[in-house]
$ cat query_7.cif   # mmCIF, C-alpha atoms
data_structure
#
loop_
_atom_site.label_atom_id
_atom_site.label_comp_id
_atom_site.auth_asym_id
_atom_site.auth_seq_id
_atom_site.Cartn_x
_atom_site.Cartn_y
_atom_site.Cartn_z
CA MET A 1 0.00 0.00 0.00
CA PHE A 2 1.32 3.41 -0.87
CA HIS A 3 1.20 6.01 1.85
CA PHE A 4 0.93 9.67 1.14
CA LEU A 5 1.14 12.50 3.60
CA CYS A 6 -0.94 15.59 3.18
CA LYS A 7 1.67 17.94 1.83
CA THR A 8 1.79 21.28 0.10
CA ILE A 9 4.15 21.78 -2.81
CA LEU A 10 4.84 24.87 -4.78
CA LEU A 11 4.37 24.72 -8.55
CA GLY A 12 5.37 27.98 -10.16
CA ARG A 13 3.40 30.59 -8.31
CA ARG A 14 0.54 28.31 -7.32
CA THR A 15 0.27 26.15 -4.20
CA VAL A 16 -1.16 22.63 -4.51
CA THR A 17 -2.22 20.35 -1.63
CA ALA A 18 -1.99 16.54 -1.80
CA SER A 19 -4.86 14.40 -0.56
CA PRO A 20 -4.75 11.85 2.29
CA THR A 21 -3.67 8.21 1.99
CA ARG A 22 -5.84 5.77 0.03
CA ASN A 23 -5.62 2.25 -1.40
CA PRO A 24 -3.36 2.27 -4.51
CA ARG A 25 -5.66 0.13 -6.69
CA PHE A 26 -6.35 1.57 -10.10
CA SER A 27 -10.03 2.08 -9.26
CA GLN A 28 -9.20 3.70 -5.94
CA LEU A 29 -6.17 5.86 -6.73
CA ILE A 30 -5.68 9.01 -4.72
CA SER A 31 -7.10 12.18 -6.15
CA LEU A 32 -4.73 15.11 -6.34
CA LYS A 33 -5.57 18.34 -8.11
CA PHE A 34 -2.63 20.18 -9.53
CA VAL A 35 -3.33 23.59 -11.02
CA SER A 36 -1.70 23.88 -14.42
CA THR A 37 0.11 27.13 -15.07
CA ASN A 38 1.97 28.45 -18.05
CA ALA A 39 4.99 28.98 -15.82
CA ASP A 40 5.36 25.25 -15.16
CA ASN A 41 4.75 22.83 -18.05
CA HIS A 42 5.60 19.81 -15.83
CA SER A 43 2.42 20.03 -13.77
CA PHE A 44 0.41 17.53 -15.85
CA VAL A 45 3.21 14.96 -15.68
CA VAL A 46 3.53 15.50 -11.94
CA SER A 47 -0.21 15.12 -11.47
CA TYR A 48 -0.28 11.89 -13.51
CA LEU A 49 2.67 10.36 -11.67
CA VAL A 50 1.03 11.05 -8.33
CA ASN A 51 -2.53 10.11 -9.30
CA SER A 52 -1.86 7.06 -11.44
CA CYS A 53 1.55 5.76 -10.39
CA GLY A 54 1.75 6.26 -6.64
CA PHE A 55 4.61 8.77 -6.68
CA SER A 56 5.04 11.20 -3.84
CA PRO A 57 4.71 14.83 -4.97
CA GLU A 58 8.45 15.42 -4.47
CA THR A 59 9.48 12.32 -6.42
CA ALA A 60 7.02 13.11 -9.17
CA LEU A 61 8.35 16.64 -9.53
CA LYS A 62 11.88 15.31 -9.83
CA ALA A 63 10.92 12.64 -12.38
CA SER A 64 8.96 15.14 -14.49
CA LYS A 65 12.23 16.82 -15.47
CA ASP A 66 13.20 13.76 -17.54
CA ILE A 67 9.88 12.87 -19.19
CA HIS A 68 7.17 14.87 -20.91
CA PHE A 69 3.66 14.09 -22.08
CA GLU A 70 0.58 16.28 -22.38
CA THR A 71 -2.10 13.57 -22.44
CA PRO A 72 -2.45 10.26 -20.56
CA LYS A 73 -2.57 8.24 -23.80
CA LYS A 74 1.03 6.93 -23.82
CA PRO A 75 1.43 6.24 -20.08
CA ASP A 76 -2.03 4.65 -19.88
CA SER A 77 -1.12 2.43 -22.82
CA PHE A 78 2.14 1.36 -21.14
CA ILE A 79 0.39 0.49 -17.86
CA ALA A 80 -2.31 -1.42 -19.70
CA PHE A 81 0.35 -3.34 -21.62
CA LEU A 82 2.05 -4.53 -18.44
CA LYS A 83 -1.31 -5.44 -16.87
CA ASN A 84 -2.14 -7.54 -19.93
CA HIS A 85 1.13 -9.40 -19.44
CA GLY A 86 0.34 -10.34 -15.86
CA PHE A 87 2.17 -7.59 -13.99
CA THR A 88 0.55 -6.59 -10.72
CA GLU A 89 -0.20 -2.97 -9.85
CA THR A 90 2.55 -2.95 -7.23
CA GLN A 91 5.06 -4.32 -9.75
CA ILE A 92 4.04 -1.76 -12.36
CA PHE A 93 4.45 1.13 -9.92
CA THR A 94 7.83 -0.23 -8.79
CA ILE A 95 9.10 -0.41 -12.37
CA ILE A 96 7.87 3.08 -13.24
CA LYS A 97 9.43 4.55 -10.10
CA LYS A 98 12.80 3.08 -11.05
CA ILE A 99 12.65 4.12 -14.72
CA PRO A 100 9.93 6.77 -15.25
CA SER A 101 10.93 7.22 -18.91
CA LEU A 102 9.41 3.81 -19.71
CA LEU A 103 5.99 5.45 -19.36
CA VAL A 104 6.34 7.19 -22.71
CA CYS A 105 7.77 4.30 -24.69
CA ASP A 106 5.83 2.34 -27.29
CA ALA A 107 5.48 -0.89 -25.32
CA GLU A 108 4.36 -2.94 -28.34
CA LYS A 109 7.52 -2.05 -30.25
CA PHE A 110 9.96 -1.57 -27.38
CA LEU A 111 9.03 -4.22 -24.79
CA LEU A 112 6.96 -6.89 -26.51
CA PRO A 113 9.81 -8.36 -28.64
CA LYS A 114 11.97 -8.70 -25.52
CA LEU A 115 9.23 -10.32 -23.50
CA GLU A 116 8.49 -12.70 -26.36
CA PHE A 117 12.18 -13.60 -26.57
CA PHE A 118 12.24 -14.60 -22.91
CA TYR A 119 8.89 -16.37 -23.24
CA SER A 120 10.44 -18.44 -26.03
CA LYS A 121 13.19 -19.51 -23.62
CA GLY A 122 10.68 -20.93 -21.17
CA MET A 123 10.25 -18.00 -18.82
CA SER A 124 6.81 -17.12 -17.48
CA SER A 125 5.19 -13.72 -17.17
CA PRO A 126 5.37 -13.73 -13.32
CA GLU A 127 9.10 -14.52 -13.50
CA LEU A 128 9.76 -11.67 -15.92
CA ALA A 129 7.66 -9.29 -13.83
CA LYS A 130 9.76 -10.11 -10.78
CA ILE A 131 13.02 -9.65 -12.68
CA MET A 132 11.82 -6.38 -14.19
CA CYS A 133 11.04 -5.05 -10.72
CA TYR A 134 14.56 -5.74 -9.48
CA TYR A 135 16.48 -4.97 -12.64
CA PRO A 136 14.28 -2.98 -15.05
CA ILE A 137 17.26 -1.52 -16.92
CA ILE A 138 17.73 -4.89 -18.64
CA PHE A 139 14.60 -4.19 -20.68
CA LYS A 140 16.12 -0.99 -22.03
CA ARG A 141 18.94 -2.95 -23.65
CA SER A 142 18.86 -3.69 -27.36
CA LEU A 143 17.42 -7.12 -28.14
CA GLU A 144 19.51 -7.71 -31.27
CA LYS A 145 22.74 -6.05 -30.16
CA GLN A 146 22.83 -6.98 -26.47
CA LEU A 147 20.31 -9.48 -25.10
CA ILE A 148 20.46 -12.15 -27.80
CA PRO A 149 24.29 -12.12 -28.17
CA SER A 150 24.71 -12.25 -24.37
CA PHE A 151 22.19 -15.07 -24.05
CA ASP A 152 23.98 -17.05 -26.75
CA PHE A 153 27.35 -16.43 -25.10
CA PHE A 154 26.21 -17.79 -21.75
CA THR A 155 24.40 -20.69 -23.38
CA ASN A 156 27.68 -21.70 -24.99
CA VAL A 157 29.50 -21.50 -21.65
CA LEU A 158 26.74 -23.06 -19.57
CA LYS A 159 26.01 -25.82 -22.10
CA SER A 160 22.26 -25.23 -22.23
CA GLU A 161 19.59 -22.55 -22.49
CA GLU A 162 18.06 -23.91 -19.29
CA ASN A 163 21.24 -23.09 -17.35
CA THR A 164 21.38 -19.63 -18.91
CA VAL A 165 17.79 -18.91 -17.88
CA ALA A 166 18.61 -20.11 -14.35
CA ALA A 167 21.63 -17.78 -14.19
CA PHE A 168 19.55 -14.90 -15.57
CA LYS A 169 16.95 -15.44 -12.85
CA ARG A 170 19.70 -15.29 -10.22
CA TYR A 171 21.16 -12.08 -11.65
CA ALA A 172 19.59 -10.43 -14.68
CA GLY A 173 22.60 -8.16 -15.08
CA ILE A 174 24.62 -10.92 -16.76
CA LEU A 175 22.81 -10.20 -20.02
CA SER A 176 23.82 -6.55 -19.91
CA VAL A 177 27.58 -7.10 -19.66
CA ASN A 178 29.89 -5.87 -22.41
CA LEU A 179 30.91 -9.10 -24.11
CA GLU A 180 34.05 -7.58 -25.56
CA ASN A 181 35.40 -6.39 -22.22
CA THR A 182 33.80 -8.82 -19.77
CA PRO A 183 36.23 -10.74 -17.51
CA ILE A 184 33.91 -13.75 -17.41
CA ALA A 185 35.72 -15.73 -20.11
CA SER A 186 39.13 -14.99 -18.55
CA ASN A 187 37.92 -15.95 -15.08
CA ILE A 188 36.51 -19.21 -16.37
CA ASN A 189 39.90 -20.00 -17.88
CA ILE A 190 41.58 -19.26 -14.54
CA LEU A 191 39.43 -21.94 -12.90
CA ARG A 192 40.30 -24.35 -15.69
CA GLU A 193 44.01 -23.64 -15.22
CA HIS A 194 43.67 -24.65 -11.57
CA GLY A 195 42.03 -27.94 -12.44
CA VAL A 196 38.39 -27.09 -11.73
CA PRO A 197 36.14 -29.45 -13.74
CA GLU A 198 33.81 -27.95 -16.32
CA SER A 199 30.78 -29.24 -14.40
CA LYS A 200 31.81 -27.29 -11.28
CA ILE A 201 32.37 -24.13 -13.30
CA VAL A 202 28.90 -24.47 -14.80
CA THR A 203 27.44 -24.96 -11.31
CA ILE A 204 28.92 -21.81 -9.81
CA LEU A 205 28.20 -19.71 -12.92
CA ARG A 206 24.59 -20.91 -12.96
CA TYR A 207 23.89 -20.24 -9.29
CA GLN A 208 26.30 -17.37 -8.55
CA PRO A 209 26.95 -15.56 -11.86
CA ARG A 210 28.02 -12.35 -10.12
CA SER A 211 31.08 -14.08 -8.71
CA PHE A 212 32.67 -13.90 -12.18
CA LEU A 213 32.09 -10.19 -12.66
CA ILE A 214 35.36 -8.94 -11.18
CA GLY A 215 38.76 -8.21 -12.67
CA SER A 216 40.81 -11.25 -13.64
CA ASP A 217 43.78 -10.26 -11.46
CA GLN A 218 41.61 -10.11 -8.36
CA PHE A 219 39.81 -13.29 -9.35
CA ARG A 220 43.12 -15.12 -9.76
CA GLU A 221 44.26 -13.99 -6.31
CA ILE A 222 41.06 -15.38 -4.78
CA VAL A 223 41.40 -18.71 -6.58
CA GLU A 224 45.02 -19.06 -5.47
CA GLU A 225 44.09 -18.17 -1.88
CA VAL A 226 41.40 -20.86 -1.87
CA LYS A 227 43.92 -23.37 -3.14
CA ARG A 228 46.40 -22.37 -0.39
CA MET A 229 43.65 -23.04 2.17
CA GLY A 230 43.67 -26.65 1.09
CA PHE A 231 40.46 -26.82 -0.94
CA ASN A 232 40.39 -29.51 -3.60
CA PRO A 233 39.72 -28.02 -7.08
CA LEU A 234 37.83 -31.20 -7.99
CA ARG A 235 35.23 -30.63 -5.29
CA THR A 236 32.25 -28.26 -5.37
CA LYS A 237 33.41 -26.61 -2.14
CA PHE A 238 36.35 -25.14 -4.05
CA VAL A 239 34.13 -22.95 -6.23
CA LEU A 240 31.88 -22.20 -3.25
CA ALA A 241 34.92 -20.94 -1.35
CA VAL A 242 35.88 -18.80 -4.35
CA PHE A 243 32.40 -17.28 -4.33
CA ALA A 244 32.51 -16.69 -0.57
CA LEU A 245 35.83 -14.84 -0.74
CA ARG A 246 34.61 -12.95 -3.77
CA THR A 247 31.68 -11.52 -1.80
CA ILE A 248 33.52 -10.31 1.29
CA SER A 249 36.41 -7.93 1.72
CA LYS A 250 39.46 -8.55 3.88
CA SER A 251 38.16 -6.19 6.57
CA THR A 252 34.76 -7.95 6.59
CA TRP A 253 36.48 -11.32 6.91
CA GLU A 254 38.47 -10.04 9.91
CA LYS A 255 35.32 -8.69 11.57
CA LYS A 256 33.61 -12.06 11.27
CA VAL A 257 36.71 -13.81 12.57
CA ASP A 258 36.51 -11.56 15.64
CA VAL A 259 32.84 -12.49 16.13
CA TYR A 260 33.59 -16.20 16.05
CA LYS A 261 36.51 -15.75 18.44
CA LYS A 262 34.21 -14.04 20.95
CA TRP A 263 32.32 -17.34 21.05
CA GLY A 264 35.42 -19.35 21.79
CA TRP A 265 36.62 -20.32 18.34
CA SER A 266 40.30 -20.32 17.41
CA ASP A 267 41.80 -19.34 14.04
CA GLU A 268 42.09 -23.04 13.26
CA ASP A 269 38.43 -23.64 14.15
CA ILE A 270 37.41 -20.87 11.76
CA ILE A 271 39.44 -22.32 8.88
CA ILE A 272 38.03 -25.79 9.59
CA ALA A 273 34.46 -24.46 9.59
CA PHE A 274 35.12 -22.52 6.38
CA GLY A 275 36.47 -25.69 4.81
CA ARG A 276 33.36 -27.63 5.81
CA ASN A 277 30.96 -24.98 4.60
CA PRO A 278 32.22 -21.70 3.06
CA TRP A 279 28.84 -20.05 3.60
CA CYS A 280 29.67 -19.65 7.29
CA MET A 281 31.74 -16.58 6.37
CA THR A 282 29.04 -15.02 4.20
CA ALA A 283 26.52 -14.89 7.04
CA SER A 284 26.13 -11.45 8.60
CA GLU A 285 27.71 -10.65 11.96
CA LYS A 286 24.19 -10.34 13.40
CA LYS A 287 23.23 -13.78 12.07
CA ILE A 288 26.42 -15.37 13.42
CA THR A 289 25.83 -13.84 16.85
CA GLY A 290 22.19 -14.91 16.90
CA VAL A 291 22.89 -18.52 15.94
CA MET A 292 25.83 -18.88 18.32
CA ASP A 293 23.86 -17.31 21.17
CA TYR A 294 20.95 -19.69 20.65
CA PHE A 295 22.98 -22.89 20.58
CA ILE A 296 25.28 -21.92 23.43
CA ASN A 297 23.12 -19.87 25.80
CA VAL A 298 19.65 -21.25 25.03
CA MET A 299 20.32 -24.86 24.13
CA GLY A 300 23.33 -25.11 26.44
CA LEU A 301 25.62 -26.70 23.84
CA LYS A 302 29.37 -26.27 23.45
CA PRO A 303 30.76 -23.41 21.30
CA LEU A 304 32.27 -25.76 18.74
CA VAL A 305 28.97 -27.47 17.96
CA VAL A 306 28.43 -24.97 15.13
CA CYS A 307 32.00 -25.46 13.96
CA LYS A 308 31.20 -29.13 13.50
CA ASP A 309 28.09 -28.28 11.45
CA PRO A 310 28.67 -24.74 10.05
CA ALA A 311 25.81 -25.25 7.56
CA LEU A 312 23.56 -24.36 10.50
CA LEU A 313 24.40 -20.74 9.76
CA SER A 314 22.63 -21.00 6.41
CA LEU A 315 19.30 -21.81 8.08
CA SER A 316 16.71 -19.31 9.25
CA LEU A 317 17.10 -18.65 12.96
CA LYS A 318 13.44 -17.80 13.61
CA LYS A 319 11.70 -20.10 11.14
CA ARG A 320 13.88 -23.19 11.44
CA ILE A 321 16.42 -23.17 14.26
CA VAL A 322 14.30 -21.80 17.13
CA PRO A 323 11.16 -23.92 16.54
CA ARG A 324 13.12 -27.13 15.99
CA GLY A 325 15.64 -26.29 18.66
CA SER A 326 12.81 -26.05 21.18
CA VAL A 327 11.87 -29.65 20.40
CA ALA A 328 15.49 -30.82 20.49
CA ARG A 329 16.01 -29.20 23.90
CA VAL A 330 13.17 -31.21 25.41
CA LEU A 331 14.38 -34.46 23.84
CA LEU A 332 17.97 -33.84 24.96
CA SER A 333 16.88 -33.04 28.53
CA LYS A 334 14.89 -36.28 28.69
CA GLY A 335 17.78 -38.28 27.25
CA LEU A 336 15.66 -39.39 24.31
CA ILE A 337 18.20 -38.24 21.71
CA LYS A 338 21.94 -37.63 21.74
CA GLU A 339 23.91 -34.68 20.44
CA ARG A 340 25.47 -36.33 17.41
CA SER A 341 24.49 -34.86 14.08
CA LEU A 342 22.87 -31.61 15.09
CA PHE A 343 22.51 -30.31 11.54
CA ARG A 344 20.49 -33.37 10.52
CA TRP A 345 17.68 -32.40 12.92
CA PHE A 346 17.43 -28.98 11.38
CA ALA A 347 17.94 -30.07 7.77
CA TYR A 348 15.12 -32.63 7.75
CA THR A 349 12.09 -31.85 5.61
CA GLU A 350 9.08 -30.79 7.66
CA LYS A 351 7.45 -34.19 7.26
CA LEU A 352 10.59 -36.10 8.24
CA PHE A 353 11.28 -33.81 11.20
CA LEU A 354 7.82 -34.43 12.62
CA GLU A 355 8.20 -38.18 12.11
CA LYS A 356 11.71 -38.45 13.58
CA LEU A 357 11.55 -35.96 16.45
CA VAL A 358 7.92 -35.25 17.32
CA THR A 359 5.28 -37.91 16.66
CA CYS A 360 7.54 -40.85 17.46
CA TYR A 361 8.01 -39.45 21.00
CA LYS A 362 4.36 -38.54 21.64
CA GLU A 363 4.18 -40.92 24.63
CA GLU A 364 7.47 -39.84 26.24
CA ALA A 365 6.98 -36.14 25.42
CA PRO A 366 3.34 -35.41 24.48
CA GLU A 367 3.92 -31.66 24.68
CA LEU A 368 6.24 -31.55 21.68
CA MET A 369 3.67 -30.95 18.95
CA LYS A 370 2.07 -28.07 20.82
CA LEU A 371 5.47 -26.56 21.64
CA TYR A 372 6.70 -26.82 18.07
CA THR A 373 3.49 -25.40 16.61
CA GLU A 374 3.53 -22.45 19.01
CA LYS A 375 7.15 -21.57 18.20
CA LEU A 376 6.55 -21.95 14.48
CA ASN A 377 3.43 -19.78 14.54
CA LEU A 378 5.24 -17.16 16.60
CA SER A 379 8.04 -16.92 14.06
CA MET A 380 5.54 -16.58 11.21
CA GLN A 381 3.59 -13.94 13.12
CA ARG A 382 6.73 -11.86 13.71
CA GLY A 383 7.67 -12.19 10.07
CA SER A 384 4.21 -10.98 9.04
CA GLU A 385 4.42 -8.00 11.38
CA LYS A 386 7.71 -6.89 9.82
CA LYS A 387 6.12 -6.90 6.39
#

$ encode --input "query_7.cif" --output "structure tokens"
Amino acid sequence: MFHFLCKTILLGRRTVTASPTRNPRFSQLISLKFVSTNADNHSFVVSYLVNSCGFSPETALKASKDIHFETPKKPDSFIAFLKNHGFTETQIFTIIKKIPSLLVCDAEKFLLPKLEFFYSKGMSSPELAKIMCYYPIIFKRSLEKQLIPSFDFFTNVLKSEENTVAAFKRYAGILSVNLENTPIASNINILREHGVPESKIVTILRYQPRSFLIGSDQFREIVEEVKRMGFNPLRTKFVLAVFALRTISKSTWEKKVDVYKKWGWSDEDIIIAFGRNPWCMTASEKKITGVMDYFINVMGLKPLVVCKDPALLSLSLKKRIVPRGSVARVLLSKGLIKERSLFRWFAYTEKLFLEKLVTCYKEEAPELMKLYTEKLNLSMQRGSEKK
């Protein structure tokens, strides 16, 4: 829902007052009356952006400097086009706010060929709408000169169109890179030089395409550092470690090392955990602290329990660890289970977790289902409140 404050803005010599908040549906859009003056030819654009697109008066005034239209014909046509292709009102407003100039484009000529191209590759309208919200600039790129050549390039590297579509969904920006100057090809060759199998290269490029978008010198340093740490180039963890180091700076690494040390880990423990699961160094300092605090201070486990299963840091604290940890605490206190493979308890599917740790102990611990349900509902309620 868009929220508008009653504000007064100055247009030329006239003062205009915005109306109170209303539901942003097309049939219930807010009604603002801007007085058109000869001194300010942007007033109609400003009025349209506020009335029909959910802009604040200030944002609309700023955007009106880059676009111009005197009737609602073009912008109405653009909005209708996106609606016909399954875009929601919220998505449409988000796209327009990021690139207001799209409002005056001929959607049938400018956007339709690009959408049809992606449709032909197996993408759905909801998927394209989501991508366009996050990375709308991709749809301003030339289809013939940029999008198709880039798609073909990645299809050649990734061995299939399916993999290219998957990489595009992860990061749409890969199709906007300059193919002549991109370091992607050089970085792929660096991995090959170090003995990384083609299948592993495809895996990391498909799921983490942004990891290749850095200079080759820096990329080579990262690859060599990972090799010095003892990672085997033949294993998937090698490319995962490359990605992890690619995403964090030296200072960020040191900060996270300090966080782990506050919980009793040594430098060796940190390297061991990183070797077991590189994602443990991509978690935020807040996430690390929250997970460590729960297992040590709430569950009463030893500090190195997370070092043994660092993949725990990749799980949601509120939606997975806390609800399931509450069950595990009861079972541990009653001696019904032993602290062996902690991660397994939290990695189970919902169905398997209930079978292995809840329903099978309904006689020894009948309170488990109620406890688990309460914790799970609480986490979902908090998540809903944040939204």

$ atom_distance --input "query_7.cif" --atom1 "atom CA of A:Gly335" --atom2 "atom CA of A:Met299"
14.0 Å

$ residues_around --input "query_7.cif" --residues "A:Tyr48" --least-positions-apart "5" --cutoff "9 Å" --atoms "only C-alpha atoms" --output "PyMOL selection string"
chain A and resi 43+53+55+60+72+75

$ resolve_selection --input "query_7.cif" --expression "the PyMOL selection byres ((chain A and resi 257-262) around 12)" --output "PyMOL selection string"
chain A and resi 250-256+263-271+273-274+280-293+303-304+306-307+310

$ resolve_selection --input "query_7.cif" --expression "the PyMOL selection byres ((chain A and resi 85-96) around 9)" --output "CSV table (one decimal) with C-alpha atoms, keeping the file's coordinate frame"
chain,number,residue,atom,x,y,z
A,1,MET,CA,0.0,0.0,0.0
A,24,PRO,CA,-3.4,2.3,-4.5
A,25,ARG,CA,-5.7,0.1,-6.7
A,26,PHE,CA,-6.4,1.6,-10.1
A,52,SER,CA,-1.9,7.1,-11.4
A,53,CYS,CA,1.6,5.8,-10.4
A,54,GLY,CA,1.8,6.3,-6.6
A,55,PHE,CA,4.6,8.8,-6.7
A,79,ILE,CA,0.4,0.5,-17.9
A,80,ALA,CA,-2.3,-1.4,-19.7
A,81,PHE,CA,0.4,-3.3,-21.6
A,82,LEU,CA,2.0,-4.5,-18.4
A,83,LYS,CA,-1.3,-5.4,-16.9
A,84,ASN,CA,-2.1,-7.5,-19.9
A,97,LYS,CA,9.4,4.6,-10.1
A,98,LYS,CA,12.8,3.1,-11.0
A,99,ILE,CA,12.6,4.1,-14.7
A,100,PRO,CA,9.9,6.8,-15.2
A,101,SER,CA,10.9,7.2,-18.9
A,102,LEU,CA,9.4,3.8,-19.7
A,103,LEU,CA,6.0,5.4,-19.4
A,125,SER,CA,5.2,-13.7,-17.2
A,126,PRO,CA,5.4,-13.7,-13.3
A,128,LEU,CA,9.8,-11.7,-15.9
A,129,ALA,CA,7.7,-9.3,-13.8
A,130,LYS,CA,9.8,-10.1,-10.8
A,132,MET,CA,11.8,-6.4,-14.2
A,133,CYS,CA,11.0,-5.0,-10.7
A,134,TYR,CA,14.6,-5.7,-9.5
A,135,TYR,CA,16.5,-5.0,-12.6
A,136,PRO,CA,14.3,-3.0,-15.0

$ residues_near_point --input "query_7.cif" --point "(37.3, -18.6, -7.5)" --cutoff "9 Å" --atoms "only C-alpha atoms" --output "PyMOL selection string"
chain A and resi 187-188+190-191+211-212+219-226+238-246

$ atom_distance --input "query_7.cif" --atom1 "atom CA of A:Tyr372" --atom2 "atom CA of A:Pro323"
5.5 Å

$ residues_around --input "query_7.cif" --residues "stretch 180-185 of chain A" --least-positions-apart "3" --cutoff "12 Å" --atoms "all atoms listed in the file" --output "tab-separated table (two decimals) with C-alpha atoms, in the frame of the given file"
chain	number	residue	atom	x	y	z
A	146	GLN	CA	22.83	-6.98	-26.47
A	149	PRO	CA	24.29	-12.12	-28.17
A	150	SER	CA	24.71	-12.25	-24.37
A	153	PHE	CA	27.35	-16.43	-25.10
A	154	PHE	CA	26.21	-17.79	-21.75
A	156	ASN	CA	27.68	-21.70	-24.99
A	157	VAL	CA	29.50	-21.50	-21.65
A	158	LEU	CA	26.74	-23.06	-19.57
A	174	ILE	CA	24.62	-10.92	-16.76
A	175	LEU	CA	22.81	-10.20	-20.02
A	176	SER	CA	23.82	-6.55	-19.91
A	177	VAL	CA	27.58	-7.10	-19.66
A	188	ILE	CA	36.51	-19.21	-16.37
A	189	ASN	CA	39.90	-20.00	-17.88
A	190	ILE	CA	41.58	-19.26	-14.54
A	191	LEU	CA	39.43	-21.94	-12.90
A	192	ARG	CA	40.30	-24.35	-15.69
A	201	ILE	CA	32.37	-24.13	-13.30
A	205	LEU	CA	28.20	-19.71	-12.92
A	209	PRO	CA	26.95	-15.56	-11.86
A	210	ARG	CA	28.02	-12.35	-10.12
A	211	SER	CA	31.08	-14.08	-8.71
A	212	PHE	CA	32.67	-13.90	-12.18
A	213	LEU	CA	32.09	-10.19	-12.66
A	214	ILE	CA	35.36	-8.94	-11.18
A	215	GLY	CA	38.76	-8.21	-12.67
A	216	SER	CA	40.81	-11.25	-13.64
A	217	ASP	CA	43.78	-10.26	-11.46
A	218	GLN	CA	41.61	-10.11	-8.36
A	219	PHE	CA	39.81	-13.29	-9.35
A	220	ARG	CA	43.12	-15.12	-9.76

$ atom_distance --input "query_7.cif" --atom1 "atom CA of A:Lys62" --atom2 "atom CA of A:Phe44"
13.1 Å

$ closest_residue --input "query_7.cif" --among "A:Thr373, A:Thr349, A:Ser249, A:Asn51" --to "A:Asp76" --atoms "only C-alpha atoms"
A:Asn51

$ resolve_selection --input "query_7.cif" --expression "the PyMOL selection byres ((chain A and resi 159-161) around 12)" --output "ChimeraX atom specification"
/A:118,120-123,148,150-158,162-168,198-199,201-203,205-206

$ write_last_selection --input "query_7.cif" --atoms "C-alpha atoms" --output "PDB file, in the frame of the given file"
ATOM      1  CA  PHE A 118      12.240 -14.600 -22.910  1.00  0.00           C
ATOM      2  CA  SER A 120      10.440 -18.440 -26.030  1.00  0.00           C
ATOM      3  CA  LYS A 121      13.190 -19.510 -23.620  1.00  0.00           C
ATOM      4  CA  GLY A 122      10.680 -20.930 -21.170  1.00  0.00           C
ATOM      5  CA  MET A 123      10.250 -18.000 -18.820  1.00  0.00           C
ATOM      6  CA  ILE A 148      20.460 -12.150 -27.800  1.00  0.00           C
ATOM      7  CA  SER A 150      24.710 -12.250 -24.370  1.00  0.00           C
ATOM      8  CA  PHE A 151      22.190 -15.070 -24.050  1.00  0.00           C
ATOM      9  CA  ASP A 152      23.980 -17.050 -26.750  1.00  0.00           C
ATOM     10  CA  PHE A 153      27.350 -16.430 -25.100  1.00  0.00           C
ATOM     11  CA  PHE A 154      26.210 -17.790 -21.750  1.00  0.00           C
ATOM     12  CA  THR A 155      24.400 -20.690 -23.380  1.00  0.00           C
ATOM     13  CA  ASN A 156      27.680 -21.700 -24.990  1.00  0.00           C
ATOM     14  CA  VAL A 157      29.500 -21.500 -21.650  1.00  0.00           C
ATOM     15  CA  LEU A 158      26.740 -23.060 -19.570  1.00  0.00           C
ATOM     16  CA  GLU A 162      18.060 -23.910 -19.290  1.00  0.00           C
ATOM     17  CA  ASN A 163      21.240 -23.090 -17.350  1.00  0.00           C
ATOM     18  CA  THR A 164      21.380 -19.630 -18.910  1.00  0.00           C
ATOM     19  CA  VAL A 165      17.790 -18.910 -17.880  1.00  0.00           C
ATOM     20  CA  ALA A 166      18.610 -20.110 -14.350  1.00  0.00           C
ATOM     21  CA  ALA A 167      21.630 -17.780 -14.190  1.00  0.00           C
ATOM     22  CA  PHE A 168      19.550 -14.900 -15.570  1.00  0.00           C
ATOM     23  CA  GLU A 198      33.810 -27.950 -16.320  1.00  0.00           C
ATOM     24  CA  SER A 199      30.780 -29.240 -14.400  1.00  0.00           C
ATOM     25  CA  ILE A 201      32.370 -24.130 -13.300  1.00  0.00           C
ATOM     26  CA  VAL A 202      28.900 -24.470 -14.800  1.00  0.00           C
ATOM     27  CA  THR A 203      27.440 -24.960 -11.310  1.00  0.00           C
ATOM     28  CA  LEU A 205      28.200 -19.710 -12.920  1.00  0.00           C
ATOM     29  CA  ARG A 206      24.590 -20.910 -12.960  1.00  0.00           C
TER      30      ARG A 206
END

$ closest_residue --input "query_7.cif" --among "A:Asp309, A:Lys169, A:Thr236, A:Ser47" --to "A:Ala63" --atoms "all atoms listed in the file"
A:Ser47

$ closest_residue --input "query_7.cif" --among "A:Ser64, A:Leu315, A:Val298, A:Ser326" --to "A:Tyr348" --atoms "only C-alpha atoms"
A:Leu315

$ closest_residue --input "query_7.cif" --among "A:Ala172, A:Met369, A:Val50, A:Ile204" --to "A:Arg141" --atoms "only C-alpha atoms"
A:Ala172

$ residues_around --input "query_7.cif" --residues "A:Val104" --least-positions-apart "4" --cutoff "9 Å" --atoms "all atoms listed in the file" --output "list in words"
Ile67, His68, Phe69, Lys74, Pro75, Ser77, Phe78 and Pro100 of chain A
